>>> print(open('entry.cif').read())   # mmCIF, C-alpha atoms
data_query
#
loop_
_atom_site.label_atom_id
_atom_site.label_comp_id
_atom_site.auth_asym_id
_atom_site.auth_seq_id
_atom_site.Cartn_x
_atom_site.Cartn_y
_atom_site.Cartn_z
CA MET H 1 -22.28 -11.09 20.47
CA THR H 2 -22.22 -12.19 24.10
CA THR H 3 -23.08 -10.01 27.09
CA ILE H 4 -20.05 -10.18 29.36
CA ALA H 5 -19.80 -8.72 32.86
CA PHE H 6 -16.19 -7.82 33.60
CA ILE H 7 -15.42 -7.16 37.27
CA GLY H 8 -12.01 -5.62 37.97
CA LEU H 9 -10.63 -3.23 35.35
CA GLY H 10 -7.12 -2.64 36.65
CA ILE H 11 -3.75 -2.94 34.92
CA MET H 12 -4.66 -6.37 33.55
CA GLY H 13 -8.46 -6.33 33.50
CA GLY H 14 -8.83 -3.02 31.68
CA PRO H 15 -7.01 -4.05 28.50
CA MET H 16 -8.62 -7.50 28.56
CA ALA H 17 -12.11 -5.99 28.72
CA ALA H 18 -11.25 -3.60 25.88
CA HIS H 19 -10.16 -6.52 23.67
CA LEU H 20 -13.48 -8.24 24.29
CA VAL H 21 -15.30 -5.06 23.26
CA ALA H 22 -13.18 -4.88 20.10
CA ALA H 23 -14.09 -8.51 19.36
CA GLY H 24 -17.76 -7.48 19.20
CA HIS H 25 -19.03 -8.40 22.65
CA ASP H 26 -21.29 -6.32 24.87
CA VAL H 27 -19.05 -5.75 27.89
CA VAL H 28 -20.53 -4.33 31.10
CA GLY H 29 -17.83 -3.40 33.58
CA HIS H 30 -17.62 -2.67 37.26
CA ASN H 31 -14.60 -1.37 39.13
CA LEU H 32 -13.94 0.35 42.44
CA SER H 33 -12.38 3.40 40.77
CA ARG H 34 -14.23 5.52 38.20
CA PRO H 35 -11.33 6.26 35.78
CA ALA H 36 -11.09 2.58 34.83
CA LEU H 37 -14.82 2.53 34.07
CA ASP H 38 -14.48 5.67 31.96
CA ARG H 39 -11.74 4.01 29.89
CA LEU H 40 -13.99 1.01 29.25
CA VAL H 41 -16.85 3.28 28.15
CA ALA H 42 -14.47 5.18 25.86
CA ALA H 43 -13.51 1.84 24.31
CA GLY H 44 -17.18 1.03 23.62
CA GLY H 45 -18.17 -0.86 26.76
CA ARG H 46 -20.78 -0.02 29.39
CA ALA H 47 -20.41 0.94 33.05
CA ALA H 48 -22.41 -0.67 35.85
CA THR H 49 -23.14 0.89 39.22
CA SER H 50 -22.48 -2.33 41.15
CA THR H 51 -21.41 -5.94 40.73
CA VAL H 52 -25.02 -7.12 40.86
CA ASP H 53 -25.99 -4.53 38.24
CA ALA H 54 -23.16 -5.73 35.99
CA VAL H 55 -23.94 -9.45 36.17
CA ARG H 56 -27.74 -9.49 36.16
CA GLU H 57 -28.13 -9.95 32.38
CA ALA H 58 -24.70 -11.44 31.67
CA GLU H 59 -24.13 -14.74 29.93
CA VAL H 60 -20.47 -14.72 30.95
CA VAL H 61 -18.89 -13.14 34.04
CA ILE H 62 -15.14 -12.52 34.16
CA THR H 63 -13.46 -11.51 37.41
CA MET H 64 -9.94 -10.07 37.68
CA VAL H 65 -9.30 -8.94 41.26
CA PRO H 66 -6.26 -8.99 43.57
CA ASP H 67 -6.68 -11.82 46.08
CA SER H 68 -8.58 -14.88 47.33
CA PRO H 69 -10.92 -13.00 49.74
CA ASP H 70 -11.89 -10.64 46.90
CA VAL H 71 -12.93 -13.54 44.68
CA GLU H 72 -14.87 -15.26 47.46
CA ALA H 73 -16.70 -12.04 48.29
CA LEU H 74 -17.56 -11.47 44.63
CA ALA H 75 -18.79 -15.05 44.24
CA LEU H 76 -21.29 -14.44 47.05
CA GLU H 77 -22.65 -11.48 45.05
CA ILE H 78 -22.43 -13.03 41.59
CA HIS H 79 -23.69 -16.59 41.87
CA PRO H 80 -27.14 -15.93 43.39
CA ASN H 81 -27.80 -13.07 40.94
CA VAL H 82 -27.09 -14.66 37.57
CA LYS H 83 -29.10 -17.02 35.42
CA PRO H 84 -28.44 -20.78 35.82
CA GLY H 85 -25.90 -21.90 33.25
CA THR H 86 -23.95 -18.63 33.41
CA LEU H 87 -20.21 -19.07 32.92
CA HIS H 88 -17.95 -17.51 35.57
CA ILE H 89 -14.34 -17.20 34.42
CA ASP H 90 -12.04 -16.11 37.25
CA CYS H 91 -8.77 -14.72 35.88
CA SER H 92 -7.49 -13.61 39.30
CA THR H 93 -4.52 -15.30 40.95
CA ILE H 94 -5.76 -16.97 44.13
CA ARG H 95 -5.20 -20.05 46.27
CA PRO H 96 -6.03 -23.36 44.55
CA ASP H 97 -8.23 -24.45 47.47
CA VAL H 98 -10.24 -21.23 47.19
CA ALA H 99 -10.69 -21.80 43.45
CA ARG H 100 -12.12 -25.25 44.20
CA ARG H 101 -14.39 -23.80 46.86
CA VAL H 102 -15.68 -21.10 44.51
CA ALA H 103 -16.36 -23.74 41.83
CA ASP H 104 -18.33 -25.85 44.31
CA ALA H 105 -20.30 -22.80 45.47
CA GLY H 106 -21.08 -21.89 41.88
CA ALA H 107 -22.39 -25.38 41.15
CA GLU H 108 -24.95 -24.95 43.94
CA HIS H 109 -26.47 -22.09 41.92
CA GLY H 110 -26.07 -23.76 38.52
CA VAL H 111 -23.10 -21.51 37.65
CA ARG H 112 -20.24 -23.01 35.65
CA VAL H 113 -16.94 -21.82 37.15
CA VAL H 114 -13.47 -22.08 35.66
CA ASP H 115 -10.24 -20.74 37.13
CA ALA H 116 -8.19 -19.08 34.40
CA PRO H 117 -5.27 -17.12 35.87
CA VAL H 118 -3.08 -15.34 33.36
CA SER H 119 0.62 -14.67 32.88
CA GLY H 120 2.32 -12.06 30.75
CA GLY H 121 1.97 -8.88 32.76
CA GLU H 122 0.61 -5.59 31.53
CA ALA H 123 2.33 -5.96 28.16
CA GLY H 124 0.69 -9.34 27.60
CA ALA H 125 -2.71 -7.91 28.51
CA VAL H 126 -2.29 -4.93 26.18
CA GLU H 127 -1.01 -7.11 23.32
CA ALA H 128 -3.58 -9.90 23.95
CA THR H 129 -0.77 -12.46 24.17
CA LEU H 130 -1.38 -13.71 27.70
CA SER H 131 -0.63 -17.29 28.67
CA ILE H 132 -3.74 -18.67 30.36
CA MET H 133 -3.81 -21.82 32.46
CA VAL H 134 -7.37 -23.08 32.89
CA GLY H 135 -8.89 -25.39 35.48
CA GLY H 136 -12.42 -26.77 35.42
CA GLU H 137 -14.75 -29.23 33.71
CA ALA H 138 -13.75 -29.87 30.10
CA ALA H 139 -17.08 -28.68 28.67
CA ASP H 140 -16.94 -25.47 30.71
CA VAL H 141 -13.37 -24.79 29.64
CA GLU H 142 -14.37 -25.20 26.00
CA ALA H 143 -17.25 -22.78 26.57
CA ALA H 144 -14.77 -20.27 28.01
CA ARG H 145 -12.18 -20.73 25.26
CA PRO H 146 -13.66 -18.28 22.69
CA TYR H 147 -13.39 -15.45 25.22
CA LEU H 148 -9.97 -16.48 26.53
CA ASP H 149 -8.65 -16.75 22.96
CA VAL H 150 -9.48 -13.05 22.50
CA VAL H 151 -7.16 -11.98 25.31
CA GLY H 152 -4.56 -14.75 25.26
CA GLY H 153 -2.00 -16.25 22.91
CA THR H 154 -1.68 -19.56 24.78
CA VAL H 155 -4.78 -21.08 26.39
CA VAL H 156 -4.36 -24.54 27.92
CA HIS H 157 -6.74 -26.70 29.97
CA VAL H 158 -4.50 -28.03 32.73
CA GLY H 159 -6.95 -30.03 34.84
CA PRO H 160 -9.98 -29.84 37.18
CA ALA H 161 -11.04 -26.88 39.30
CA GLY H 162 -8.03 -25.35 41.06
CA ALA H 163 -5.49 -26.78 38.61
CA GLY H 164 -5.18 -23.45 36.80
CA GLN H 165 -4.26 -21.76 40.05
CA THR H 166 -1.73 -24.48 40.89
CA VAL H 167 0.00 -23.97 37.55
CA LYS H 168 -0.10 -20.19 38.06
CA ALA H 169 1.60 -20.65 41.43
CA ALA H 170 4.39 -22.57 39.69
CA ASN H 171 4.59 -19.77 37.11
CA GLN H 172 5.03 -17.15 39.82
CA LEU H 173 7.73 -19.24 41.47
CA ILE H 174 9.72 -19.40 38.21
CA VAL H 175 9.21 -15.72 37.39
CA ALA H 176 10.34 -14.50 40.81
CA GLY H 177 13.47 -16.65 40.70
CA ASN H 178 14.23 -15.51 37.16
CA ILE H 179 13.86 -11.82 38.01
CA GLN H 180 16.12 -12.18 41.03
CA LEU H 181 18.85 -13.86 38.97
CA VAL H 182 18.56 -11.29 36.16
CA ALA H 183 18.90 -8.54 38.77
CA GLU H 184 22.01 -10.18 40.20
CA ALA H 185 23.47 -10.65 36.71
CA LEU H 186 22.93 -6.99 35.80
CA VAL H 187 24.60 -5.70 38.96
CA PHE H 188 27.43 -8.18 38.40
CA LEU H 189 27.91 -7.00 34.80
CA GLU H 190 27.82 -3.33 35.80
CA ALA H 191 30.41 -3.91 38.53
CA HIS H 192 32.76 -5.26 35.87
CA GLY H 193 32.13 -2.35 33.52
CA VAL H 194 30.45 -4.46 30.83
CA ASP H 195 28.02 -2.90 28.33
CA THR H 196 24.79 -4.36 29.69
CA ASP H 197 22.87 -3.69 26.47
CA ALA H 198 25.29 -5.82 24.48
CA ALA H 199 25.51 -8.39 27.25
CA THR H 200 21.76 -8.91 27.57
CA THR H 201 21.40 -9.13 23.79
CA VAL H 202 23.78 -12.07 23.60
CA LEU H 203 22.42 -13.68 26.78
CA ALA H 204 18.90 -13.56 25.34
CA GLY H 205 20.07 -15.59 22.35
CA GLY H 206 21.40 -18.45 24.44
CA LEU H 207 20.16 -20.80 27.14
CA ALA H 208 19.87 -17.87 29.57
CA GLY H 209 17.22 -16.30 27.36
CA SER H 210 13.75 -15.83 28.86
CA ALA H 211 10.66 -13.66 28.69
CA VAL H 212 11.92 -11.92 31.83
CA LEU H 213 15.20 -11.06 30.10
CA ASP H 214 13.32 -9.81 27.03
CA ARG H 215 10.68 -7.76 28.82
CA LYS H 216 12.31 -6.55 32.01
CA THR H 217 15.96 -5.74 31.45
CA ALA H 218 15.49 -2.39 29.68
CA GLY H 219 13.54 -1.00 32.62
CA MET H 220 15.94 -2.55 35.13
CA ARG H 221 18.96 -1.05 33.38
CA ALA H 222 17.26 2.37 33.36
CA ARG H 223 16.04 1.99 36.97
CA GLU H 224 12.48 2.52 35.82
CA PHE H 225 10.07 0.44 37.87
CA ALA H 226 6.60 1.63 36.85
CA PRO H 227 4.38 -1.31 37.81
CA GLY H 228 3.49 -3.84 35.19
CA PHE H 229 3.14 -6.27 38.10
CA ARG H 230 3.52 -4.88 41.59
CA VAL H 231 5.83 -6.24 44.29
CA ASP H 232 2.77 -6.36 46.59
CA LEU H 233 1.01 -8.79 44.27
CA HIS H 234 4.04 -11.01 43.73
CA HIS H 235 4.51 -11.13 47.51
CA LYS H 236 0.91 -12.37 47.79
CA ASP H 237 1.48 -14.96 45.04
CA LEU H 238 4.63 -16.32 46.66
CA GLY H 239 2.64 -16.74 49.87
CA ILE H 240 0.29 -18.95 47.86
CA VAL H 241 3.25 -20.95 46.52
CA THR H 242 4.94 -21.50 49.86
CA ALA H 243 1.68 -22.47 51.59
CA ALA H 244 0.72 -24.90 48.82
CA ALA H 245 4.21 -26.43 48.83
CA ARG H 246 4.07 -26.89 52.61
CA GLU H 247 0.69 -28.63 52.35
CA THR H 248 2.14 -31.28 50.05
CA GLY H 249 5.55 -31.53 51.69
CA VAL H 250 7.41 -30.21 48.64
CA ALA H 251 10.73 -28.49 49.34
CA ILE H 252 11.25 -25.21 47.48
CA PRO H 253 14.51 -23.92 49.03
CA LEU H 254 15.34 -21.40 46.30
CA GLY H 255 11.72 -20.32 45.98
CA ALA H 256 11.42 -19.80 49.73
CA HIS H 257 14.57 -17.67 49.69
CA VAL H 258 13.28 -15.51 46.85
CA ALA H 259 9.94 -15.19 48.66
CA GLY H 260 11.90 -13.79 51.61
CA LEU H 261 13.71 -11.32 49.35
CA VAL H 262 10.42 -10.12 47.88
CA ALA H 263 8.98 -9.75 51.38
CA SER H 264 12.05 -7.74 52.40
CA LEU H 265 11.73 -5.45 49.37
CA ARG H 266 8.09 -4.86 50.25
CA ALA H 267 8.94 -4.14 53.89
CA GLN H 268 11.37 -1.48 52.69
CA GLY H 269 8.44 0.41 51.17
CA HIS H 270 8.73 -0.75 47.55
CA GLY H 271 5.48 -2.72 47.33
CA SER H 272 3.98 -0.41 44.70
CA LEU H 273 6.93 -0.80 42.31
CA ASP H 274 7.26 -3.38 39.55
CA HIS H 275 8.65 -6.70 40.74
CA SER H 276 11.79 -6.04 38.69
CA ALA H 277 12.67 -3.61 41.51
CA LEU H 278 14.37 -6.62 43.11
CA LEU H 279 17.37 -5.02 41.41
CA LEU H 280 17.32 -2.24 44.05
CA GLN H 281 17.85 -4.77 46.80
CA VAL H 282 20.76 -6.44 44.97
CA GLU H 283 22.38 -3.03 44.57
CA SER H 284 21.88 -2.25 48.23
CA LEU H 285 23.29 -5.59 49.39
CA SER H 286 26.25 -5.03 47.08
CA GLY H 287 26.94 -1.51 48.32
CA ARG H 288 26.35 -0.22 44.83
CA LYS H 289 23.02 1.58 45.23
CA ASN H 290 22.16 3.90 42.31
CA THR H 291 25.46 3.24 40.53
CA PRO H 292 24.54 1.79 37.13
#
>>> encode(input="entry.cif", output="structure tokens")
Amino acid sequence: MTTIAFIGLGIMGGPMAAHLVAAGHDVVGHNLSRPALDRLVAAGGRAATSTVDAVREAEVVITMVPDSPDVEALALEIHPNVKPGTLHIDCSTIRPDVARRVADAGAEHGVRVVDAPVSGGEAGAVEATLSIMVGGEAADVEAARPYLDVVGGTVVHVGPAGAGQTVKAANQLIVAGNIQLVAEALVFLEAHGVDTDAATTVLAGGLAGSAVLDRKTAGMRAREFAPGFRVDLHHKDLGIVTAAARETGVAIPLGAHVAGLVASLRAQGHGSLDHSALLLQVESLSGRKNTP
């Protein structure tokens, strides 16, 4: 049994922490809202009153928070208050340069830091089937693997510090483009009076098949957009992608266009919806709003 401090018990972090409890670990959680802490306690974990309280006796610290400034702020609290040799696994999605900076800051305190962003959405977190792309020193990644294997189905070391976040940025680029095209296809099919259930079944069996098609189309067809991954967060992630692409001079014309569509959807007040709500914008642009 390992004592694990888990900071950030939201849509993704909550189920992940619960899986670690079920695997026999002593999980001490901290979160800004009390209901998430209560769910962890109900699952067999413990609640801390602060980040410092959570990490003080931890052998492993896992962070799962929304953005780069959140991770940097937490690192300032965590690294000076843990024992040398503590492993810090950051599962947030942040800028690659920030991940490298956090790793360097951790090393100054003897803390081993790996960036381990995840993909798979709420369903992947609940089912413990997340795809996890890990950056860091090989020995540190291997030390993190037993914990990542509990919450993920695919765990791959992709390179040094920051590499996990770079791969996650590519993931978010592909996912956003895929959702946009699925949304366009559904509105197109509906406009032609095609049975979209039958259509998506056969599309999923061919080259058009994807995890997005499998996981998102039922909700999109029903116009149910309860957040598994919020538009606000995907907007943030696409900002990471476009900035990182600009730094290296890589052209992402389709990705930049989809980033603009996500920004537009957010500006229309839909930031709290699931990113599959891109369908609403396709309907609106097509003059077919709320006409499934």
>>> resolve_selection(input="entry.cif", expression="the PyMOL selection byres ((chain H and resi 129-139) around 10)", output="count of residues only")
54
>>> closest_residue(input="entry.cif", among="H:Gly13, H:Gly29, H:Pro84, H:Gly45", to="Val65 in chain H", atoms="all atoms listed in the file")
H:Gly13
>>> atom_distance(input="entry.cif", atom1="CA of Ile62 in chain H", atom2="CA of Ile4 in chain H")
7.3 Å
>>> residues_around(input="entry.cif", residues="Leu74 in chain H", least_positions_apart="2", cutoff="10 Å", atoms="all atoms listed in the file", output="ChimeraX atom specification")
/H:7,51-52,63,65,68-72,76-79,102
>>> closest_residue(input="entry.cif", among="H:Arg101, H:Ala244, H:Ala5, H:Ala18", to="Ser50 in chain H", atoms="all atoms listed in the file")
H:Ala5
>>> atom_distance(input="entry.cif", atom1="CA of Thr242 in chain H", atom2="CA of Ala256 in chain H")
6.7 Å
>>> closest_residue(input="entry.cif", among="H:Pro227, H:Ala199, H:Leu87, H:Ala176", to="Gly10 in chain H", atoms="only C-alpha atoms")
H:Pro227
>>> axis_aligned_box(input="entry.cif", around="range 156-168 of chain H", padding_each_side="8 Å", output="lines of an AutoDock Vina configuration file")
center_x = -5.5
center_y = -25.1
center_z = 34.5
size_x = 27.0
size_y = 25.8
size_z = 29.1
>>> residues_around(input="entry.cif", residues="Gly85 in chain H", least_positions_apart="3", cutoff="12 Å", atoms="all atoms listed in the file", output="PDB file with C-alpha atoms, in the coordinates of the input")
ATOM      1  CA  ALA H  58     -24.700 -11.440  31.670  1.00  0.00           C
ATOM      2  CA  GLU H  59     -24.130 -14.740  29.930  1.00  0.00           C
ATOM      3  CA  VAL H  60     -20.470 -14.720  30.950  1.00  0.00           C
ATOM      4  CA  VAL H  61     -18.890 -13.140  34.040  1.00  0.00           C
ATOM      5  CA  HIS H  79     -23.690 -16.590  41.870  1.00  0.00           C
ATOM      6  CA  PRO H  80     -27.140 -15.930  43.390  1.00  0.00           C
ATOM      7  CA  ASN H  81     -27.800 -13.070  40.940  1.00  0.00           C
ATOM      8  CA  VAL H  82     -27.090 -14.660  37.570  1.00  0.00           C
ATOM      9  CA  HIS H  88     -17.950 -17.510  35.570  1.00  0.00           C
ATOM     10  CA  GLY H 106     -21.080 -21.890  41.880  1.00  0.00           C
ATOM     11  CA  ALA H 107     -22.390 -25.380  41.150  1.00  0.00           C
ATOM     12  CA  GLU H 108     -24.950 -24.950  43.940  1.00  0.00           C
ATOM     13  CA  HIS H 109     -26.470 -22.090  41.920  1.00  0.00           C
ATOM     14  CA  GLY H 110     -26.070 -23.760  38.520  1.00  0.00           C
ATOM     15  CA  VAL H 111     -23.100 -21.510  37.650  1.00  0.00           C
ATOM     16  CA  ARG H 112     -20.240 -23.010  35.650  1.00  0.00           C
ATOM     17  CA  VAL H 113     -16.940 -21.820  37.150  1.00  0.00           C
ATOM     18  CA  ASP H 140     -16.940 -25.470  30.710  1.00  0.00           C
ATOM     19  CA  ALA H 143     -17.250 -22.780  26.570  1.00  0.00           C
TER      20      ALA H 143
END
>>> closest_residue(input="entry.cif", among="H:Asp97, H:Asp104, H:Asp232, H:Glu184", to="Leu285 in chain H", atoms="only C-alpha atoms")
H:Glu184
>>> closest_residue(input="entry.cif", among="H:Thr201, H:Gln172, H:Gln281, H:Ser92", to="Leu238 in chain H", atoms="all atoms listed in the file")
H:Gln172
>>> residues_around(input="entry.cif", residues="Asp214 in chain H", least_positions_apart="4", cutoff="10 Å", atoms="all atoms listed in the file", output="list in words")
Thr200, Thr201, Leu203, Ala204, Gly209, Ser210 and Ala218 of chain H
>>> write_last_selection(input="entry.cif", atoms="C-alpha atoms", output="CSV table (one decimal), in the coordinates of the input")
chain,number,residue,atom,x,y,z
H,200,THR,CA,21.8,-8.9,27.6
H,201,THR,CA,21.4,-9.1,23.8
H,203,LEU,CA,22.4,-13.7,26.8
H,204,ALA,CA,18.9,-13.6,25.3
H,209,GLY,CA,17.2,-16.3,27.4
H,210,SER,CA,13.8,-15.8,28.9
H,218,ALA,CA,15.5,-2.4,29.7
>>> resolve_selection(input="entry.cif", expression="the PyMOL selection byres ((chain H and resi 181) around 12)", output="list in words")
Ile174, Val175, Ala176, Gly177, Asn178, Ile179, Gln180, Val182, Ala183, Glu184, Ala185, Leu186, Val187, Phe188, Ala208, Gly209, Ser210, Val212, Leu213, Thr217, Leu254, Gly255, Val258, Leu261, Ser276, Leu278, Leu279 and Val282 of chain H
>>> decode(input="entry.cif", residues="range 64-115 of chain H", atoms="C-alpha atoms", output="PDB file, in the first residue's frame")
ATOM      1  CA  MET H  64      -5.371  16.692 -11.917  1.00  0.00           C
ATOM      2  CA  VAL H  65      -6.302  20.365 -12.288  1.00  0.00           C
ATOM      3  CA  PRO H  66      -7.560  22.521 -15.175  1.00  0.00           C
ATOM      4  CA  ASP H  67      -4.668  24.628 -16.477  1.00  0.00           C
ATOM      5  CA  SER H  68      -0.965  25.511 -16.491  1.00  0.00           C
ATOM      6  CA  PRO H  69      -1.146  28.247 -13.795  1.00  0.00           C
ATOM      7  CA  ASP H  70      -2.966  25.806 -11.486  1.00  0.00           C
ATOM      8  CA  VAL H  71      -0.174  23.240 -11.796  1.00  0.00           C
ATOM      9  CA  GLU H  72       2.565  25.831 -11.275  1.00  0.00           C
ATOM     10  CA  ALA H  73       0.811  27.172  -8.181  1.00  0.00           C
ATOM     11  CA  LEU H  74       0.392  23.666  -6.775  1.00  0.00           C
ATOM     12  CA  ALA H  75       4.042  22.820  -7.453  1.00  0.00           C
ATOM     13  CA  LEU H  76       5.062  25.785  -5.288  1.00  0.00           C
ATOM     14  CA  GLU H  77       3.012  24.280  -2.439  1.00  0.00           C
ATOM     15  CA  ILE H  78       3.877  20.626  -3.032  1.00  0.00           C
ATOM     16  CA  HIS H  79       7.598  20.452  -3.747  1.00  0.00           C
ATOM     17  CA  PRO H  80       8.930  22.183  -0.605  1.00  0.00           C
ATOM     18  CA  ASN H  81       6.566  20.191   1.632  1.00  0.00           C
ATOM     19  CA  VAL H  82       7.227  16.601   0.585  1.00  0.00           C
ATOM     20  CA  LYS H  83      10.050  14.221   1.370  1.00  0.00           C
ATOM     21  CA  PRO H  84      12.970  14.066  -1.103  1.00  0.00           C
ATOM     22  CA  GLY H  85      12.382  11.270  -3.579  1.00  0.00           C
ATOM     23  CA  THR H  86       8.609  11.806  -3.654  1.00  0.00           C
ATOM     24  CA  LEU H  87       7.054  11.121  -7.045  1.00  0.00           C
ATOM     25  CA  HIS H  88       4.841  13.866  -8.496  1.00  0.00           C
ATOM     26  CA  ILE H  89       2.627  12.636 -11.335  1.00  0.00           C
ATOM     27  CA  ASP H  90       0.823  15.496 -13.064  1.00  0.00           C
ATOM     28  CA  CYS H  91      -2.166  14.215 -15.048  1.00  0.00           C
ATOM     29  CA  SER H  92      -3.417  17.699 -15.958  1.00  0.00           C
ATOM     30  CA  THR H  93      -3.304  18.976 -19.525  1.00  0.00           C
ATOM     31  CA  ILE H  94      -0.918  21.937 -19.623  1.00  0.00           C
ATOM     32  CA  ARG H  95       1.651  23.604 -21.864  1.00  0.00           C
ATOM     33  CA  PRO H  96       4.730  21.466 -22.610  1.00  0.00           C
ATOM     34  CA  ASP H  97       7.075  24.286 -21.563  1.00  0.00           C
ATOM     35  CA  VAL H  98       5.304  24.542 -18.198  1.00  0.00           C
ATOM     36  CA  ALA H  99       5.640  20.780 -17.706  1.00  0.00           C
ATOM     37  CA  ARG H 100       9.393  21.093 -18.259  1.00  0.00           C
ATOM     38  CA  ARG H 101       9.576  24.019 -15.863  1.00  0.00           C
ATOM     39  CA  VAL H 102       7.669  22.118 -13.168  1.00  0.00           C
ATOM     40  CA  ALA H 103      10.005  19.125 -13.611  1.00  0.00           C
ATOM     41  CA  ASP H 104      13.058  21.362 -13.223  1.00  0.00           C
ATOM     42  CA  ALA H 105      11.564  23.017 -10.128  1.00  0.00           C
ATOM     43  CA  GLY H 106      10.813  19.616  -8.628  1.00  0.00           C
ATOM     44  CA  ALA H 107      14.388  18.456  -9.160  1.00  0.00           C
ATOM     45  CA  GLU H 108      15.606  21.382  -7.038  1.00  0.00           C
ATOM     46  CA  HIS H 109      13.720  19.838  -4.091  1.00  0.00           C
ATOM     47  CA  GLY H 110      14.596  16.223  -4.911  1.00  0.00           C
ATOM     48  CA  VAL H 111      11.081  15.565  -6.264  1.00  0.00           C
ATOM     49  CA  ARG H 112      10.711  13.266  -9.263  1.00  0.00           C
ATOM     50  CA  VAL H 113       8.177  14.787 -11.668  1.00  0.00           C
ATOM     51  CA  VAL H 114       6.498  13.142 -14.636  1.00  0.00           C
ATOM     52  CA  ASP H 115       3.865  14.661 -16.902  1.00  0.00           C
TER      53      ASP H 115
END
